[in-house]
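Structure file run.cif (mmCIF, C-alpha atoms (C1' of nucleotides) and all ligand atoms) follows.
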data_start
loop_
_atom_site.label_atom_id
_atom_site.label_comp_id
_atom_site.auth_asym_id
_atom_site.auth_seq_id
_atom_site.Cartn_x
_atom_site.Cartn_y
_atom_site.Cartn_z
CA MET Z 6 116.78 71.00 119.73
CA LYS Z 7 119.14 69.51 117.19
CA ILE Z 8 121.80 71.74 115.64
CA SER Z 9 123.95 70.27 112.88
CA ARG Z 10 125.36 73.54 111.60
CA SER Z 11 127.86 75.71 113.44
CA SER Z 12 127.53 79.43 114.14
CA SER Z 13 130.12 82.18 114.19
CA PRO Z 14 130.15 85.99 114.47
CA GLU Z 15 131.38 86.18 110.88
CA ASN Z 16 128.06 84.77 109.69
CA PHE Z 17 126.24 87.63 111.37
CA SER Z 18 128.62 90.29 110.12
CA THR Z 19 128.29 89.04 106.54
CA THR Z 20 124.51 89.07 106.96
CA LYS Z 21 124.72 92.65 108.28
CA THR Z 22 126.79 93.72 105.28
CA ARG Z 23 124.23 92.21 102.94
CA LYS Z 24 121.38 93.98 104.73
CA ASN Z 25 123.20 97.29 104.34
CA ILE Z 26 122.94 97.13 100.54
CA GLU Z 27 119.50 95.54 100.41
CA LEU Z 28 117.69 98.86 99.94
CA PHE Z 29 120.12 99.92 97.21
CA GLU Z 30 119.59 96.66 95.35
CA ASP Z 31 115.80 96.92 95.57
CA TYR Z 32 115.84 100.54 94.39
CA VAL Z 33 118.13 100.11 91.38
CA GLU Z 34 116.16 97.03 90.36
CA ALA Z 35 112.90 99.00 90.62
CA ILE Z 36 114.29 101.98 88.72
CA ASN Z 37 115.57 99.71 85.96
CA GLU Z 38 112.22 97.92 85.67
CA ILE Z 39 110.08 101.08 85.70
CA ASN Z 40 112.38 102.75 83.19
CA PHE Z 41 112.11 99.70 80.95
CA ASN Z 42 108.31 99.74 81.15
CA LYS Z 43 107.54 103.45 80.81
CA GLY Z 44 110.69 105.18 79.65
CA PHE Z 45 111.38 107.31 82.72
CA VAL Z 46 111.20 107.16 86.52
CA LYS Z 47 109.86 109.70 88.98
CA ASN Z 48 109.47 109.80 92.76
CA VAL Z 49 105.79 108.86 92.54
CA ASP Z 50 106.59 105.69 90.56
CA LEU Z 51 108.81 104.41 93.34
CA CYS Z 52 106.20 105.32 95.98
CA LYS Z 53 103.72 103.06 94.23
CA TYR Z 54 106.27 100.35 93.58
CA PHE Z 55 107.36 100.03 97.20
CA GLY Z 56 104.25 101.30 98.97
CA VAL Z 57 106.08 104.01 100.92
CA SER Z 58 105.67 107.80 101.19
CA ASN Z 59 107.10 110.39 98.82
CA ALA Z 60 109.32 111.71 101.62
CA THR Z 61 110.81 108.27 102.15
CA VAL Z 62 111.58 107.84 98.46
CA CYS Z 63 113.12 111.30 98.30
CA LYS Z 64 115.43 110.58 101.23
CA ASN Z 65 116.44 107.18 99.91
CA ILE Z 66 117.16 108.53 96.44
CA LYS Z 67 119.56 110.99 98.07
CA ARG Z 68 121.38 108.03 99.58
CA LEU Z 69 121.58 106.34 96.19
CA ILE Z 70 122.96 109.58 94.72
CA LYS Z 71 125.61 109.74 97.44
CA GLU Z 72 126.53 106.14 96.58
CA GLU Z 73 126.74 107.20 92.91
CA LEU Z 74 124.19 104.62 91.83
CA VAL Z 75 121.69 107.24 90.66
CA GLU Z 76 121.59 110.73 89.13
CA SER Z 77 118.77 113.22 89.42
CA GLU Z 78 118.16 116.96 89.37
CA LYS Z 79 115.60 118.57 91.67
CA TYR Z 80 112.01 117.81 90.62
CA ARG Z 81 113.29 115.80 87.65
CA SER Z 82 113.49 112.19 86.54
CA ILE Z 83 115.71 109.61 88.19
CA PHE Z 84 118.44 107.85 86.19
CA LEU Z 85 120.80 105.00 86.96
CA THR Z 86 124.52 105.67 86.65
CA LYS Z 87 126.75 103.09 84.99
CA ALA Z 88 127.42 101.51 88.39
CA GLY Z 89 123.71 101.63 89.19
CA LYS Z 90 122.84 99.87 85.94
CA ILE Z 91 125.41 97.16 86.62
CA LEU Z 92 124.10 96.56 90.15
CA ALA Z 93 120.52 96.52 88.81
CA GLU Z 94 121.30 93.88 86.22
CA LYS Z 95 123.22 91.76 88.70
CA SER Z 96 120.47 92.00 91.32
CA ASN Z 97 117.73 91.31 88.81
CA THR Z 98 119.51 88.23 87.49
CA ARG Z 99 119.98 86.87 90.99
CA HIS Z 100 116.36 87.60 91.89
CA GLU Z 101 115.20 85.94 88.68
CA VAL Z 102 117.32 82.81 89.18
CA LEU Z 103 116.12 82.42 92.76
CA TYR Z 104 112.49 82.97 91.80
CA LYS Z 105 112.68 80.41 89.01
CA PHE Z 106 114.48 78.00 91.34
CA LEU Z 107 111.69 78.21 93.91
CA THR Z 108 108.95 77.68 91.33
CA LYS Z 109 110.81 74.71 89.79
CA LEU Z 110 111.02 73.27 93.27
CA GLY Z 111 107.22 73.46 93.49
CA VAL Z 112 106.67 76.67 95.45
CA PRO Z 113 103.44 78.41 94.31
CA ILE Z 114 104.07 81.55 92.25
CA ARG Z 115 102.62 84.01 94.77
CA ILE Z 116 104.70 82.52 97.59
CA ALA Z 117 107.84 82.48 95.45
CA GLU Z 118 107.35 86.16 94.66
CA ILE Z 119 107.15 87.05 98.35
CA ASP Z 120 109.91 84.77 99.66
CA SER Z 121 112.36 85.67 96.91
CA GLU Z 122 111.99 89.38 97.65
CA GLY Z 123 113.69 88.88 101.01
CA MET Z 124 115.88 85.86 100.32
CA GLU Z 125 117.56 87.25 97.19
CA HIS Z 126 119.85 89.57 99.15
CA HIS Z 127 121.36 86.67 101.08
CA VAL Z 128 122.21 84.30 98.24
CA SER Z 129 125.97 84.03 97.57
CA LYS Z 130 127.27 83.65 94.04
CA GLU Z 131 128.24 80.05 94.84
CA THR Z 132 124.69 79.20 95.90
CA LEU Z 133 123.33 81.12 92.92
CA ASN Z 134 125.40 79.05 90.50
CA ILE Z 135 124.08 75.85 92.00
CA MET Z 136 120.51 77.12 91.66
CA LYS Z 137 121.21 78.06 88.05
CA LYS Z 138 122.45 74.55 87.32
CA PHE Z 139 119.35 73.10 88.99
CA ASN Z 140 117.12 75.34 86.87
CA ASN Z 141 118.78 74.24 83.66
CA SER Z 142 118.41 70.54 84.39
CA ASN Z 143 114.87 70.44 85.76
CA MET N 28 116.77 92.62 81.55
CA LYS N 29 114.26 89.81 81.60
CA ILE N 30 111.67 89.78 84.40
CA SER N 31 109.37 86.76 84.63
CA ARG N 32 108.07 87.42 88.14
CA SER N 33 105.76 90.24 89.12
CA SER N 34 106.31 92.72 91.92
CA SER N 35 103.86 94.32 94.33
CA PRO N 36 104.05 96.53 97.44
CA GLU N 37 102.72 93.61 99.49
CA ASN N 38 105.92 91.69 98.79
CA PHE N 39 107.94 94.50 100.32
CA SER N 40 105.67 94.93 103.32
CA THR N 41 105.82 91.20 104.09
CA THR N 42 109.61 91.37 103.78
CA LYS N 43 109.63 94.36 106.17
CA THR N 44 107.51 92.46 108.71
CA ARG N 45 109.93 89.53 108.55
CA LYS N 46 112.92 91.83 109.06
CA ASN N 47 111.25 93.30 112.15
CA ILE N 48 111.39 89.95 113.96
CA GLU N 49 114.75 88.83 112.56
CA LEU N 50 116.72 90.05 115.59
CA PHE N 51 114.28 88.38 117.98
CA GLU N 52 114.58 85.09 116.13
CA ASP N 53 118.38 85.19 116.13
CA TYR N 54 118.49 86.05 119.85
CA VAL N 55 116.10 83.38 121.09
CA GLU N 56 117.87 80.80 118.92
CA ALA N 57 121.23 81.87 120.37
CA ILE N 58 119.95 81.85 123.95
CA ASN N 59 118.47 78.39 123.47
CA GLU N 60 121.71 77.05 121.99
CA ILE N 61 124.01 78.58 124.61
CA ASN N 62 121.74 77.42 127.40
CA PHE N 63 121.78 73.91 125.95
CA ASN N 64 125.59 73.89 125.77
CA LYS N 65 126.53 75.48 129.12
CA GLY N 66 123.41 75.54 131.26
CA PHE N 67 122.94 79.31 131.52
CA VAL N 68 123.23 82.46 129.44
CA LYS N 69 124.77 85.80 130.30
CA ASN N 70 125.30 89.07 128.42
CA VAL N 71 128.91 88.21 127.61
CA ASP N 72 127.90 84.92 125.96
CA LEU N 73 125.70 86.76 123.48
CA CYS N 74 128.42 89.35 122.83
CA LYS N 75 130.73 86.57 121.73
CA TYR N 76 128.02 84.76 119.82
CA PHE N 77 127.02 87.76 117.72
CA GLY N 78 130.24 89.75 117.79
CA VAL N 79 128.63 92.91 119.17
CA SER N 80 129.23 95.06 122.26
CA ASN N 81 127.86 94.44 125.75
CA ALA N 82 125.81 97.63 125.49
CA THR N 83 124.15 96.40 122.31
CA VAL N 84 123.25 93.06 123.88
CA CYS N 85 121.89 94.77 126.97
CA LYS N 86 119.65 97.04 124.93
CA ASN N 87 118.41 94.22 122.70
CA ILE N 88 117.64 91.97 125.67
CA LYS N 89 115.45 94.76 127.03
CA ARG N 90 113.50 94.63 123.76
CA LEU N 91 113.12 90.87 124.07
CA ILE N 92 111.87 91.33 127.64
CA LYS N 93 109.30 93.89 126.45
CA GLU N 94 108.18 91.35 123.83
CA GLU N 95 107.91 88.77 126.62
CA LEU N 96 110.30 86.39 124.90
CA VAL N 97 112.89 86.61 127.68
CA GLU N 98 113.13 87.08 131.44
CA SER N 99 116.09 88.46 133.35
CA GLU N 100 116.89 90.29 136.58
CA LYS N 101 119.61 92.96 136.69
CA TYR N 102 123.12 91.48 136.46
CA ARG N 103 121.64 87.96 136.32
CA SER N 104 121.21 85.17 133.80
CA ILE N 105 118.91 85.38 130.80
CA PHE N 106 116.04 82.91 130.40
CA LEU N 107 113.55 82.23 127.63
CA THR N 108 109.87 82.50 128.48
CA LYS N 109 107.44 79.88 127.20
CA ALA N 110 106.81 82.02 124.11
CA GLY N 111 110.55 82.56 123.68
CA LYS N 112 111.22 78.84 123.83
CA ILE N 113 108.54 78.16 121.23
CA LEU N 114 109.92 80.80 118.87
CA ALA N 115 113.44 79.46 119.42
CA GLU N 116 112.45 75.90 118.50
CA LYS N 117 110.49 77.05 115.47
CA SER N 118 113.34 79.28 114.24
CA ASN N 119 115.96 76.64 114.86
CA THR N 120 113.99 74.02 112.96
CA ARG N 121 113.54 76.35 110.00
CA HIS N 122 117.24 77.29 110.06
CA GLU N 123 118.21 73.65 110.27
CA VAL N 124 115.94 72.56 107.39
CA LEU N 125 117.23 75.37 105.16
CA TYR N 126 120.85 74.64 106.03
CA LYS N 127 120.44 70.95 105.28
CA PHE N 128 118.59 71.79 102.08
CA LEU N 129 121.46 73.95 100.83
CA THR N 130 124.08 71.34 101.64
CA LYS N 131 122.04 68.58 99.95
CA LEU N 132 121.85 70.84 96.93
CA GLY N 133 125.66 70.92 96.88
CA VAL N 134 126.44 74.21 98.59
CA PRO N 135 129.71 73.97 100.57
CA ILE N 136 129.18 73.86 104.35
CA ARG N 137 130.84 77.20 105.11
CA ILE N 138 128.77 78.96 102.44
CA ALA N 139 125.56 77.26 103.59
CA GLU N 140 126.22 78.46 107.14
CA ILE N 141 126.58 82.06 105.99
CA ASP N 142 123.75 82.15 103.44
CA SER N 143 121.26 80.38 105.71
CA GLU N 144 121.84 82.91 108.51
CA GLY N 145 120.22 85.61 106.39
CA MET N 146 117.85 83.59 104.22
CA GLU N 147 116.15 81.71 107.07
CA HIS N 148 114.05 84.71 108.11
CA HIS N 149 112.44 84.96 104.68
CA VAL N 150 111.39 81.34 104.13
CA SER N 151 107.61 80.82 104.36
CA LYS N 152 106.19 77.66 105.91
CA GLU N 153 105.06 76.55 102.43
CA THR N 154 108.58 76.83 101.06
CA LEU N 155 109.95 75.21 104.19
CA ASN N 156 107.71 72.18 103.74
CA ILE N 157 108.91 71.75 100.18
CA MET N 158 112.52 71.90 101.33
CA LYS N 159 111.77 69.35 104.02
CA LYS N 160 110.35 66.97 101.43
CA PHE N 161 113.41 67.50 99.24
CA ASN N 162 115.69 66.73 102.19
CA ASN N 163 113.88 63.49 102.94
CA SER N 164 114.07 62.20 99.39
CA ASN N 165 117.64 63.14 98.51
"C1'" DC Y 10 97.72 132.88 81.26
"C1'" DA Y 11 96.20 132.55 85.87
"C1'" DT Y 12 94.84 129.36 88.98
"C1'" DA Y 13 94.25 124.72 90.60
"C1'" DA Y 14 96.02 120.15 90.91
"C1'" DA Y 15 99.69 117.07 91.04
"C1'" DG Y 16 104.22 116.01 92.30
"C1'" DT Y 17 108.62 116.90 95.00
"C1'" DT Y 18 111.35 118.44 98.69
"C1'" DT Y 19 112.20 119.95 103.42
"C1'" DA Y 20 111.61 119.88 108.35
"C1'" DG Y 21 110.93 117.43 112.17
"C1'" DC Y 22 109.61 113.36 114.39
"C1'" DC Y 23 110.15 108.12 115.57
"C1'" DT Y 24 112.25 103.19 116.23
"C1'" DT Y 25 115.93 99.96 115.36
"C1'" DG Y 26 120.38 98.44 116.04
"C1'" DG Y 27 124.92 99.70 116.33
"C1'" DC Y 28 129.01 102.15 119.06
"C1'" DT Y 29 132.16 104.16 123.27
"C1'" DA Y 30 132.86 105.77 127.85
"C1'" DA Y 31 131.68 105.79 132.46
"C1'" DA Y 32 129.23 104.04 136.43
"C1'" DC Y 33 127.89 100.30 138.90
"C1'" DT Y 34 127.64 95.28 140.58
"C1'" DT Y 35 129.46 90.73 141.15
"C1'" DA Y 36 133.25 87.50 141.34
"C1'" DT Y 37 138.06 86.43 142.19
"C1'" DT Y 38 142.23 86.44 144.64
"C1'" DA Y 39 146.09 88.19 147.49
"C1'" DT R 22 138.22 90.52 153.72
"C1'" DA R 23 139.83 94.25 151.03
"C1'" DA R 24 141.36 95.25 146.63
"C1'" DT R 25 141.16 94.09 141.88
"C1'" DA R 26 139.21 92.09 137.88
"C1'" DA R 27 135.37 90.83 135.28
"C1'" DG R 28 130.82 91.61 133.84
"C1'" DT R 29 126.56 94.59 133.33
"C1'" DT R 30 124.04 98.70 132.85
"C1'" DT R 31 123.39 103.56 131.72
"C1'" DA R 32 124.12 107.72 129.09
"C1'" DG R 33 124.79 109.70 125.00
"C1'" DC R 34 126.03 109.44 120.38
"C1'" DC R 35 125.14 107.90 115.22
"C1'" DA R 36 122.96 106.18 110.63
"C1'" DA R 37 119.14 103.79 108.35
"C1'" DG R 38 114.62 103.79 107.06
"C1'" DG R 39 110.06 104.84 108.14
"C1'" DC R 40 106.18 108.65 108.89
"C1'" DT R 41 103.24 113.45 108.55
"C1'" DA R 42 102.77 118.25 107.60
"C1'" DA R 43 104.11 122.16 105.20
"C1'" DA R 44 106.56 124.55 101.59
"C1'" DC R 45 107.80 124.64 97.07
"C1'" DT R 46 107.82 123.50 91.87
"C1'" DT R 47 105.84 121.73 87.82
"C1'" DT R 48 101.93 120.49 85.04
"C1'" DA R 49 97.22 120.79 83.66
"C1'" DT R 50 93.03 123.28 82.91
"C1'" DG R 51 89.27 127.01 82.66
MN MN X 1 114.85 92.12 93.75
MN MN X 2 114.40 92.44 97.54
MN MN X 3 119.02 81.12 112.94
MN MN X 4 119.59 84.51 111.25
#
Let me see the structure of the file written as structure tokens.
Ligand SMILES: [Mn+2]
Ligand SMILES: [Mn+2]
Ligand SMILES: [Mn+2]
Ligand SMILES: [Mn+2]
Amino acid sequence: MKISRSSSPENFSTTKTRKNIELFEDYVEAINEINFNKGFVKNVDLCKYFGVSNATVCKNIKRLIKEELVESEKYRSIFLTKAGKILAEKSNTRHEVLYKFLTKLGVPIRIAEIDSEGMEHHVSKETLNIMKKFNNSN
Amino acid sequence: MKISRSSSPENFSTTKTRKNIELFEDYVEAINEINFNKGFVKNVDLCKYFGVSNATVCKNIKRLIKEELVESEKYRSIFLTKAGKILAEKSNTRHEVLYKFLTKLGVPIRIAEIDSEGMEHHVSKETLNIMKKFNNSN
DNA sequence: CATAAAGTTTAGCCTTGGCTAAACTTATTA
DNA sequence: TAATAAGTTTAGCCAAGGCTAAACTTTATG
């Protein structure tokens, strides 16, 4: 039982804050990707993407609307707002940098896909910059 | 919007599974650490450690007891079971390897402490082994 | 163009992980 | 040792993120 790091409540509260926007980040990323690939996004697309029920997607989209990341009229397509688009690009870039970092390190592709899906939301911009540098010189 | 990785519902369901044991991992790690430092663990110690209320700790300890990771009698100290101890050691090792990995990479200590608190729960054993190798040769 | 199929929303349920306030137990100290 | 302080549990609340079943809307088809 060796512990070289030190722990503090602030670490946990930062982690909690990051977890609170995790779903938003995943959704705007997904919406951006699906829209890029097929031109529009509907409830059913997100169900397939995440593997959850239509009711779950519907409820979560309402939360994204309240956060002004998404716009949608009843029974219609789902669009990112300006803020949603910005968050999507930022999240996608971070996810991409982390994924590439893991593969450059030697992590098998399938494992890097899985691990990065969870890890991405907890990578600070400082850590991200270091990973970016590593990617560019390896 | 460049995406070099590929996404699948399995990535999200694995991530969900990992999130479901995140609290258990943090708690057994904390209990192990506090016990190591002061010989016993009480509700109030965990409140300070995590920065949450006594009611929250009490409720979460009940969940750990149901999972047979922890034993405790009313108003008394909190102990890890055999399984709890094993999970604590495993989680601590993973946390420690990741933390050291980030610092060796050049991430400032304070940032590595924060980022590793969230990332640790999403690092597969394959990725962990690669980080371990990196640590030993850098 | 009427009906059937596909897709979306609503209603109502559940667990997790937080909180405060109040009740209860244990520990301290006058 | 009786009163007070400190610590723990219980009760009851909330939001997030899941689910199924049923109602409703849109799209496709005979
Ligand atoms: Mn992502
Ligand atoms: Mn993700
Ligand atoms: Mn940890
Ligand atoms: Mn943690």
Nearby residues, (111.8, 75.6, 102.9) file frame, 12 Å, all atoms listed in the file, as a ChimeraX atom specification: /Z:107,110-112,116-117,120-121,124 /N:120-129,143,146-162
Output, as AutoDock Vina command-line options, the centre and edge lengths in Å (one decimal) of the axis-aligned box that contains all listed atoms of segment 89-92 of chain N with 6 Å of margin on each side.
--center_x 113.7 --center_y 92.8 --center_z 125.7 --size_x 15.6 --size_y 15.9 --size_z 15.9
message: So the first atom is atom CA of Asn87 of chain N and the second is atom CA of Glu30 of chain Z; what is the distance between them in Å, to one decimal place?
response: 27.5 Å
query: With distances taken over all atoms listed in the file, which of N:Glu37, N:Lys93, N:Tyr102, N:Thr44 is nearest to chain Y?
result: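 Checking each of N:Glu37, N:Lys93, N:Tyr102, N:Thr44 against chain Y, counting all atoms listed in the file, the winner is N:Tyr102.
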field: Straight-line distance linking atom CA of Asn16 of chain Z with atom CA of Gly123 of chain Z, stated in Å to one decimal
entry: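 According to the coordinates, atom CA of Asn16 of chain Z and atom CA of Gly123 of chain Z are separated by 17.3 Å.
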- request: At a cut-off of 10 Å, list the chain R residues touching chain Z, using only C-alpha atoms (C1' of nucleotides), as a PyMOL selection string.
  value: chain R and resi 37-41+46-47
message: Between atom CA of Asp53 of chain N and atom MN of ligand MN 3 (chain X), what distance in Å does the model show, to one decimal?
response: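 Atom MN of ligand MN 3 (chain X) lies at a distance of 5.2 Å from atom CA of Asp53 of chain N.
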Residue list for chain Y near chain Z as a PyMOL selection string, 8 Å, all atoms listed in the file: chain Y and resi 16-18
field: Option closest in space to Ile39 of chain Z, from Z:Met6, Z:Gly89, Z:Ser142, Z:Lys53 [counting all atoms listed in the file]
entry: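 Looking at the shortest contact to Ile39 of chain Z, the residue is Z:Lys53.
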- request: Write out as a list of chain:residue names the residues lying within 10 Å of DC33 of chain Y, counting all atoms listed in the file and excluding same-chain residues fewer than 3 positions away.
  value: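 Selected residues are R:DT29, R:DT30, R:DT31.
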query: Which of these, Z:Phe45, Z:Phe55, Z:Tyr32, Z:Phe84, has the shortest distance to chain N once you count all atoms listed in the file?
result: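 Among the listed residues, the smallest separation from chain N belongs to Z:Phe55.
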Would you mind listing, for every residue of chain Z within 10 Å of ligand MN 4 (chain X), the two atoms forming the shortest contact and the distance between them in Å to one decimal, using only C-alpha atoms and all ligand atoms, sorted by chain and ascending residue number, as a Markdown table?
| residue | atom | partner | partner_atom | distance |
| --- | --- | --- | --- | --- |
| Z:Ser12 | CA | X:MN4 | MN | 9.9 |
| Z:Asn16 | CA | X:MN4 | MN | 8.6 |
| Z:Phe17 | CA | X:MN4 | MN | 7.3 |
| Z:Thr20 | CA | X:MN4 | MN | 8.0 |
query: Quick one: of N:Glu49, N:Lys89, N:Ser104, N:Gly78, who's nearest to chain Z, counting all atoms listed in the file?
result: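 The shortest atom-to-atom distance to chain Z comes from N:Gly78.
Considering the residues Z:Leu69, Z:Asn42, Z:Ile26, Z:Ile8 and counting all atoms listed in the file, ligand MN 1 (chain X) has its shortest atom-to-atom contact with Z:Ile26.
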message: Just checking: using all atoms listed in the file, which residue out of Z:Leu74, Z:Asn141, Z:Ile91, Z:Ile83 ends up closest to chain N?
response: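 For chain N, the nearest of the candidates is Z:Ile91.
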message: List the spatial neighbours of DA43 of chain R as a PyMOL selection string - criterion: any atom at most 12 Å away, only C-alpha atoms (C1' of nucleotides), same-chain residues fewer than 4 positions off excluded.
response: chain Y and resi 18-21
task: Mind listing whatever residues come within 12 Å of the point (93.3, 123.1, 87.3)? Use all atoms listed in the file, file coordinates, and give them as a list in words.
output: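 Returned residue set, sorted by chain then number, is DA11, DT12, DA13, DA14 and DA15 of chain Y; DT48, DA49, DT50 and DG51 of chain R.
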query: What lies within 10 Å of DT37 of chain Y using all atoms listed in the file, ignoring chain neighbours under 4 positions off, as a VMD selection string?
result: chain R and resid 25 to 27
